[in-house]
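Shown next, in C-alpha cells, is the structure this report addresses.
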Amino acid sequence: MSDAPASVSKDFIRELIAADVAAQRNEGWVITRFPPEPNGYLHIGHAKSICLNFGLALENAPKSRCHLRFDDTNPVKEEVEYVHSIQEDVKWLGFDWGQNLFYASDYFEKLYGFAVQLIEKGLAYVDDQTLEQVRAHRGSLTQPGTPSPYRDRSVAENKDMFARMRAGEFREGERILRAKIDMASPNMNLRDPVIYRILHAHHHRTGDAWCIYPMYDYAHPLSDALEGITHSLCTLEFEHHRPLYEWLIDNVDGLPGKPYQREFARLNLTYTVMSKRKLLEMVKAGLVNGWDDPRMPTISGIRRRGYTPASVRVFCETIGLTKYPSLTELALLEHCVREDLNKHAQRVYGVLRPLKVVITNYPEGQVEEVELVNNPEDPEAGKRRVPLSRELYIERDDFMEHPVPDFHRLVPGGEVRLKYAFCIICHEVVKDAAGEVVELRCTYDDATRRGVKPVGRPKVKGTIHWVSAAQALDVQVRLYDKLFTEAQPDEAAGEEGSFTQFLNPASLEVVTAKLEPSVASASGGAHYQFERVGYFYTDPKDSRPGAPVFNRTVALKDGFAKGK
RNA sequence: UGCCUCAUGGUGUAACGGUAGCACAGCAGAUUCUGAAUCUGCUUGUCUAGGUUCAAAUCCUAGUGAGGCAACCA
C-alpha cells in the first residue's frame with residue numbers, strides 16, 4: 001500500500017495526523033468534519049477547509065471519514081436556504097459525506113444533559129446578571145475579572161434554575177448558564193464563559209422545542225466528541241478557544257471520543273473580501289447580482305463564473321497550510337483555472353468587438369467551410385467545420401491604423417494570417433463621418449491556405465481569429481474582471497472608510513459578440529476557449545436553447561498587452 | 001498596555017542541525033496557424049542583535065514587526 005515515495009512534504013497538520021496514525025491513536029482512525037453554520041453561502045475560503053477536511057479523509061482511507069455538520073446553534077441567523085446551498089457547494093467541489101450528515105441541533109438533548117452534569121459537578125452555574133453586568137465583571141484584556149454574585153449558588157438551585165430556563169420561565173437575557181472556570185484567567189474565554197442563553201426563537205430544524213440554545217464554544221467540542229471526531233480543524237481565530245475546548249472534553253463524563261483541536265490560517269485573496277458579513281452586505285445593497293454573481297468569491301459565484309471543481313481543488317492544495325496569516329495573489333487562482341481549462345476547453349472563434357473585413361477578391365455569395373482544431377491540447381477532441389466567406393469580422397484590437405512598435409497584426413498595407421484560412425492584406429481603411437474605422441477592405445492570397453508560407457516571401461508574423469459575417473451569431477457575453485480596484489479593499493478603506501468604495505466600476509462589461517455558428521447548440525454549463533481571447537462559460541441560469549449567454553471566466557494571458 | 005500565535009524572494013510555500021528548493025508573478029530567449037500553451041534561462045529571500053555548535057532558516061535569549069482575543073455570534 002505504502003510503496004509510494006513518502007518524501008512529499010507535509011503541512012504541520014498532516015504531520016501531526018501521520019504521527020497519530022503511526023502511534024495508533026484512536027486505533028489509527030482519522031475522522032474530520034466540515035462544520036459550517038448555515039447563515040450564508042460558502043466562499044473560496046471555505047473551500048480551503050473543505051479540501052483539507054475531506055482531503056484528509058480520502059488520504060487516510062480506509063480508516064477515515066469526514067462529516068458534514070451544520071453548526072446550527074443560533075436560530076436567529078440560520079436558514080434552510082443556506083443548508084441547501086452548502087450541501088450543493090460541497091458536492092460540486094467533488095466531496096461526499098456519505099451517511100455522515102449531522103446537525104449540532106441533533107444533540108440538543110444530550111448537550112442539555114451534559115450541562116446538567118456540569119452543574120452537578122459544581123462546574124456550571126446559572127447567572128442572573130444582565131448582559132452589561134456580565135460584561136463589567138469579565139474585566140478587560142489587562143485586568144482580571146471578578147466573580148458573579150451568583151457564582152456560588154447551590155447545585156440544587158442551579159439545577160432548578162436551569163430547568164426553569166428550559167421551561168421558558170424567563171425572558172431573553174434574564175438568565176444564562178456559565179461554566180465555572182477562572183475569572184482571573186489571562187484567556188478571556190476561560191472567564192466563566194456563557195454556555196447556554198435564552199432565545200425565544202424558531203429553529204429551522206427543532207422548531208419551538210427549545211428556548212435555550214448552547215453556545216458554539218460549548219456545543220462544538222461536545223458535538224465533535226459525540227461524533228467520534230478525532231481531529232477538529234478550524235481557523236486561527238479559535239486558537240484561544242482551545243483551552244475551553246479541552247476543558248469541556250476533560251470535564252464532561254461519558255463522551256465517546258476524545259478529539260483535539262488544531263488551527264490553521266484562513267485564506268485571504270487579493271482583490272477580494274472574504275467575510276460572510278461583507279458579502280451579505282454587497283448582496284443586500286445590490287452591489288452585485290446575488291450570492292452567485294460571477295464576481296463573488298462564493299463557491300456558487302465562481303462556479304457560475306466558470307471555475308471548475310478540479311481547478312479549485314488544485315488551488316487549495318497549492319496554497320499550502322500554515323499558521324501564517326498570508327495573502328494569496330488572485331493570479332494563482334487564475335493560473336489554476338487556466339491550467340485546467342487549457343487542457344479541456346473546446347476552442348471556438350469569437351469576436352468580442354467586431355470590425356468588418358471585406359475580402360474584395362473573394363467571390364461574392366461564395367461560402368466555404370474550413371476545418372478547425374477543437375483543442376490542440378487534446379487530439380481526441382477532433383475538428384469542426386466553420387463557414388468562411390467574403391465578409392468577416394475580426395477583433396478591433398487586431399487592427400491598428402497607426403501601429404505601435406512590435407504590433408504584428410493587421411495594419412494598413414500589411415499582411416496577417418486568418419487562422420486556418422489564408423493571409424489577407426489590408427488595402428483600404430473605411431471610416432464613418434466621425435472618423436471611426438468601420439470597415440477594412442482587403443485581398444486574400446490563395447497560395448497561403450493551410451498555413452502555407454509561399455517560398456521567397458517573409459513569414460507573416462500575425463495570426464488572428466475571425467468569424468464569417470453572414471453566419472455569425474450575435475451573443476451576449478459578460479466580461480468579468482476583478483471586483484475591487486485595490487488588492488486589499490479593507491486595508492485601503494481604513495477605519496472610517498468602506499471596502500465598497502473600491503468596487504471596480506469595470507468589473508462587468510456586457511458586449512454583443514460575434515461567434516462562430518457552432519455555439520448555437522451550446523447549452524448552459526459548458527466551458528469554451530475563445531481563441532486568443534479567454535475562457536468562457538455558458539451561464540447556467542440565463543442561457544436558452546439556441547441563445548447561450550457567456551460569462552468570461554478568465555482572460556488568456558496576453559504577453560503583448562503586458563508589454564505595452 | 002495584558003495574554004496567545006506567527007515571521008524564508010514581489011506572493012504562496014519546502015527544507016525537521018549539514019548544498020536555501022518548488023509554484024505563481026516578473027524578465028529574456030526558443031518554439032508556435034492562439035502574442036496562449038509548451039520548453040530553456042534569468043532576477044529576487046531566511047525580520048534584527050546576541051548566544052549554543054565543527055555546522056543554525058532550523059536550537060536558546062532579547063528585541064522588532066504582524067495577526068488574534070474583552071457577543072448572551074460562529
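In the C-alpha cells, chains take the letters A, B, ... in the order shown, each chain's residues start at 1, and ligands count up from 1 in the order shown.
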
* Could you please select, counting only C-alpha atoms (C1' of nucleotides), the residues of chain B within 8 Å of chain A and state them as a PyMOL selection string? => chain B and resi 1-7+11-14+23-25+33-37+67-70+72-74

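Selecting strand (DSSP E or B) from the backbone DSSP output for range 235-305 of chain A yields Thr235, Tyr260, Gln261, Arg262, Glu263, Phe264, Leu269 and Thr298 of chain A.
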
Can you write out the residues you just picked, keeping N, CA, C and O atoms, as a PDB file, in the first residue's frame?
```pdb
ATOM      1  N   THR A 235     -10.009  27.587  12.003  1.00  0.00           N
ATOM      2  CA  THR A 235      -9.118  28.681  11.656  1.00  0.00           C
ATOM      3  C   THR A 235      -8.564  29.358  12.916  1.00  0.00           C
ATOM      4  O   THR A 235      -9.060  29.166  14.016  1.00  0.00           O
ATOM      5  N   TYR A 260      -9.197  16.463  19.480  1.00  0.00           N
ATOM      6  CA  TYR A 260      -8.460  17.675  19.820  1.00  0.00           C
ATOM      7  C   TYR A 260      -8.514  18.660  18.663  1.00  0.00           C
ATOM      8  O   TYR A 260      -8.715  18.285  17.514  1.00  0.00           O
ATOM      9  N   GLN A 261      -8.336  19.910  19.004  1.00  0.00           N
ATOM     10  CA  GLN A 261      -8.477  20.990  18.030  1.00  0.00           C
ATOM     11  C   GLN A 261      -7.121  21.530  17.599  1.00  0.00           C
ATOM     12  O   GLN A 261      -6.224  21.713  18.429  1.00  0.00           O
ATOM     13  N   ARG A 262      -6.972  21.792  16.319  1.00  0.00           N
ATOM     14  CA  ARG A 262      -5.793  22.494  15.815  1.00  0.00           C
ATOM     15  C   ARG A 262      -6.261  23.578  14.855  1.00  0.00           C
ATOM     16  O   ARG A 262      -7.304  23.441  14.207  1.00  0.00           O
ATOM     17  N   GLU A 263      -5.456  24.624  14.738  1.00  0.00           N
ATOM     18  CA  GLU A 263      -5.876  25.787  13.976  1.00  0.00           C
ATOM     19  C   GLU A 263      -4.911  26.110  12.838  1.00  0.00           C
ATOM     20  O   GLU A 263      -3.715  25.922  12.960  1.00  0.00           O
ATOM     21  N   PHE A 264      -5.480  26.586  11.757  1.00  0.00           N
ATOM     22  CA  PHE A 264      -4.657  26.996  10.609  1.00  0.00           C
ATOM     23  C   PHE A 264      -5.143  28.352  10.115  1.00  0.00           C
ATOM     24  O   PHE A 264      -6.247  28.789  10.454  1.00  0.00           O
ATOM     25  N   LEU A 269      -7.373  36.531  -0.143  1.00  0.00           N
ATOM     26  CA  LEU A 269      -7.081  36.673  -1.557  1.00  0.00           C
ATOM     27  C   LEU A 269      -7.041  38.148  -1.918  1.00  0.00           C
ATOM     28  O   LEU A 269      -7.880  38.921  -1.437  1.00  0.00           O
ATOM     29  N   THR A 298     -17.873  33.597  -3.684  1.00  0.00           N
ATOM     30  CA  THR A 298     -18.629  32.448  -3.185  1.00  0.00           C
ATOM     31  C   THR A 298     -18.398  31.252  -4.106  1.00  0.00           C
ATOM     32  O   THR A 298     -18.096  31.411  -5.284  1.00  0.00           O
TER      33      THR A 298
END
```

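The two atoms in question, CA of Val126 in chain A and CA of Ala184 in chain A, are spaced 19.0 Å apart.
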
With range 91-101 of chain A as the partner and 12 Å as the cut-off, tabulate the residues of range 195-235 of chain A that qualify, each row holding the nearest pair of atoms and their distance in Å to one decimal, using only C-alpha atoms, sorted by chain and rising number, as CSV.
```
residue,atom,partner,partner_atom,distance
A:Glu227,CA,A:Asn100,CA,9.3
A:Gly228,CA,A:Asn100,CA,11.5
A:Ile229,CA,A:Asn100,CA,11.4
```

Output N, CA and C atoms for every residue in the selection just made, as a PDB file, in the first residue's frame.
```
ATOM      1  N   GLU A 227     -19.582  12.650  17.869  1.00  0.00           N
ATOM      2  CA  GLU A 227     -19.471  12.047  16.535  1.00  0.00           C
ATOM      3  C   GLU A 227     -18.209  11.213  16.375  1.00  0.00           C
ATOM      4  N   GLY A 228     -17.365  11.212  17.394  1.00  0.00           N
ATOM      5  CA  GLY A 228     -16.131  10.449  17.282  1.00  0.00           C
ATOM      6  C   GLY A 228     -15.063  11.141  16.448  1.00  0.00           C
ATOM      7  N   ILE A 229     -15.231  12.456  16.254  1.00  0.00           N
ATOM      8  CA  ILE A 229     -14.217  13.214  15.517  1.00  0.00           C
ATOM      9  C   ILE A 229     -12.872  13.055  16.232  1.00  0.00           C
TER      10      ILE A 229
END
```

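Computed from the coordinates, the CA of Ala381 in chain A to CA of Thr308 in chain A distance equals 18.7 Å.
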
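Taking CA of Ser543 in chain A as the reference point, CA of Thr272 in chain A is found at 27.2 Å.
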
* Asked: Using only C-alpha atoms (C1' of nucleotides), which residues sit within 12 Å of U40 in chain B once same-chain residues fewer than 3 positions away are excluded, as a list in words?
  -> A28, G29, A30 and U31 of chain B

* Asked: Near range 47-57 of chain B, counting only C-alpha atoms (C1' of nucleotides), which residues have an atom at most 7 Å away, once you skip same-chain residues fewer than 3 positions from it, shown as a PyMOL selection string?
  -> chain B and resi 7-8+17-18+64

Keeping only C-alpha atoms (C1' of nucleotides), take the residues you just selected and write them out as a compact mmCIF listing (two decimals), in the first residue's frame.
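See part.txt below for the written result:
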```
# COMPACT_ATOMS: atom_id res chain seq x y z
C1' A B 7 7.83 35.62 10.91
C1' U B 8 12.03 32.15 4.40
C1' G B 17 21.14 20.91 12.98
C1' G B 18 24.50 19.55 7.20
C1' U B 64 11.20 44.31 16.24
```

* **Neighbour list for range 502-506 of chain A as a ChimeraX atom specification, cut-off 12 Å, only C-alpha atoms (C1' of nucleotides), skip fewer than 3 positions in-chain** => /A:271-273,282,287-288,295-296,478-494,497-499,509-510

Please save N, CA, C and O atoms of the selected residues as a short mmCIF file (atom, residue, chain, number, x, y, z; two decimals), in the first residue's frame.
```
data_model
loop_
_atom_site.label_atom_id
_atom_site.label_comp_id
_atom_site.auth_asym_id
_atom_site.auth_seq_id
_atom_site.Cartn_x
_atom_site.Cartn_y
_atom_site.Cartn_z
N TYR A 271 -7.69 41.47 -4.05
CA TYR A 271 -8.83 41.99 -4.81
C TYR A 271 -10.14 41.31 -4.43
O TYR A 271 -11.04 41.16 -5.26
N THR A 272 -10.21 40.86 -3.17
CA THR A 272 -11.36 40.08 -2.73
C THR A 272 -11.67 40.41 -1.27
O THR A 272 -10.75 40.66 -0.51
N VAL A 273 -12.93 40.42 -0.92
CA VAL A 273 -13.27 40.42 0.50
C VAL A 273 -13.87 39.05 0.81
O VAL A 273 -14.51 38.45 -0.03
N MET A 282 -22.89 43.30 0.35
CA MET A 282 -22.91 43.61 -1.08
C MET A 282 -24.16 43.07 -1.75
O MET A 282 -24.72 43.71 -2.64
N LEU A 287 -25.07 45.64 -4.81
CA LEU A 287 -23.81 45.97 -5.46
C LEU A 287 -23.37 44.86 -6.41
O LEU A 287 -22.57 45.06 -7.33
N VAL A 288 -23.89 43.67 -6.15
CA VAL A 288 -23.69 42.54 -7.05
C VAL A 288 -25.05 41.91 -7.25
O VAL A 288 -26.00 42.22 -6.53
N ARG A 295 -18.90 37.49 -10.05
CA ARG A 295 -17.78 38.25 -9.49
C ARG A 295 -17.55 37.95 -8.02
O ARG A 295 -16.56 38.36 -7.43
N MET A 296 -18.50 37.25 -7.42
CA MET A 296 -18.40 36.95 -5.99
C MET A 296 -17.40 35.81 -5.74
O MET A 296 -17.27 34.90 -6.56
N ARG A 478 -20.57 38.37 -21.14
CA ARG A 478 -20.30 39.20 -19.97
C ARG A 478 -18.82 39.11 -19.63
O ARG A 478 -18.30 38.05 -19.33
N LEU A 479 -18.18 40.25 -19.71
CA LEU A 479 -16.75 40.30 -19.45
C LEU A 479 -16.54 40.70 -17.99
O LEU A 479 -16.71 41.85 -17.62
N TYR A 480 -16.20 39.71 -17.19
CA TYR A 480 -15.99 39.97 -15.77
C TYR A 480 -14.54 40.27 -15.49
O TYR A 480 -13.63 39.71 -16.10
N ASP A 481 -14.33 41.16 -14.56
CA ASP A 481 -12.98 41.49 -14.11
C ASP A 481 -13.00 41.50 -12.59
O ASP A 481 -14.04 41.29 -11.97
N LYS A 482 -11.86 41.78 -11.98
CA LYS A 482 -11.80 41.75 -10.53
C LYS A 482 -12.81 42.72 -9.93
O LYS A 482 -13.11 43.77 -10.49
N LEU A 483 -13.37 42.31 -8.78
CA LEU A 483 -14.46 43.07 -8.16
C LEU A 483 -13.98 44.37 -7.53
O LEU A 483 -14.73 45.32 -7.38
N PHE A 484 -12.69 44.41 -7.15
CA PHE A 484 -12.18 45.61 -6.49
C PHE A 484 -10.94 46.15 -7.22
O PHE A 484 -10.23 45.40 -7.88
N THR A 485 -10.74 47.42 -7.06
CA THR A 485 -9.58 48.05 -7.70
C THR A 485 -8.36 48.00 -6.78
O THR A 485 -7.24 48.23 -7.24
N GLU A 486 -8.59 47.71 -5.51
CA GLU A 486 -7.48 47.64 -4.55
C GLU A 486 -7.22 46.19 -4.19
O GLU A 486 -8.16 45.41 -3.97
N ALA A 487 -5.94 45.85 -4.06
CA ALA A 487 -5.59 44.48 -3.71
C ALA A 487 -6.17 44.10 -2.35
O ALA A 487 -6.59 42.97 -2.13
N GLN A 488 -6.20 45.08 -1.43
CA GLN A 488 -6.76 44.83 -0.10
C GLN A 488 -7.79 45.89 0.21
O GLN A 488 -7.48 46.89 0.86
N PRO A 489 -9.01 45.70 -0.25
CA PRO A 489 -10.05 46.73 -0.10
C PRO A 489 -10.25 47.17 1.35
O PRO A 489 -10.49 48.36 1.60
N ASP A 490 -10.14 46.25 2.27
CA ASP A 490 -10.35 46.60 3.67
C ASP A 490 -9.24 47.50 4.20
O ASP A 490 -9.48 48.50 4.87
N GLU A 491 -8.00 47.12 3.87
CA GLU A 491 -6.85 47.90 4.29
C GLU A 491 -6.93 49.31 3.71
O GLU A 491 -6.73 50.30 4.39
N ALA A 492 -7.25 49.35 2.42
CA ALA A 492 -7.31 50.63 1.73
C ALA A 492 -8.38 51.54 2.32
O ALA A 492 -8.22 52.75 2.38
N ALA A 493 -9.48 50.92 2.77
CA ALA A 493 -10.59 51.71 3.31
C ALA A 493 -10.25 52.30 4.68
O ALA A 493 -10.74 53.35 5.05
N GLY A 494 -9.40 51.60 5.42
CA GLY A 494 -9.04 52.09 6.75
C GLY A 494 -10.20 52.01 7.71
O GLY A 494 -11.19 51.32 7.46
N GLY A 497 -13.37 54.40 6.33
CA GLY A 497 -13.92 54.13 5.01
C GLY A 497 -14.61 52.79 4.91
O GLY A 497 -14.72 52.06 5.89
N SER A 498 -15.13 52.50 3.72
CA SER A 498 -15.75 51.21 3.48
C SER A 498 -15.10 50.55 2.27
O SER A 498 -14.72 51.23 1.31
N PHE A 499 -14.97 49.23 2.34
CA PHE A 499 -14.39 48.50 1.21
C PHE A 499 -15.17 48.72 -0.07
O PHE A 499 -14.63 48.61 -1.16
N GLU A 509 -18.60 44.13 -17.91
CA GLU A 509 -18.93 44.80 -19.16
C GLU A 509 -19.68 43.80 -20.02
O GLU A 509 -19.24 42.65 -20.18
N VAL A 510 -20.82 44.20 -20.52
CA VAL A 510 -21.61 43.29 -21.33
C VAL A 510 -21.47 43.70 -22.79
O VAL A 510 -21.67 44.87 -23.13
#
```

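Close contacts of Val80 in chain A, defined as residues with an atom at most 9 Å away when counting only C-alpha atoms (C1' of nucleotides), with chain neighbours fewer than 2 positions off set aside, comprise A:Pro38, A:Asn39, A:Glu78, A:Tyr82, A:Val83, A:His84, A:Ser85, A:His204, A:Arg205.
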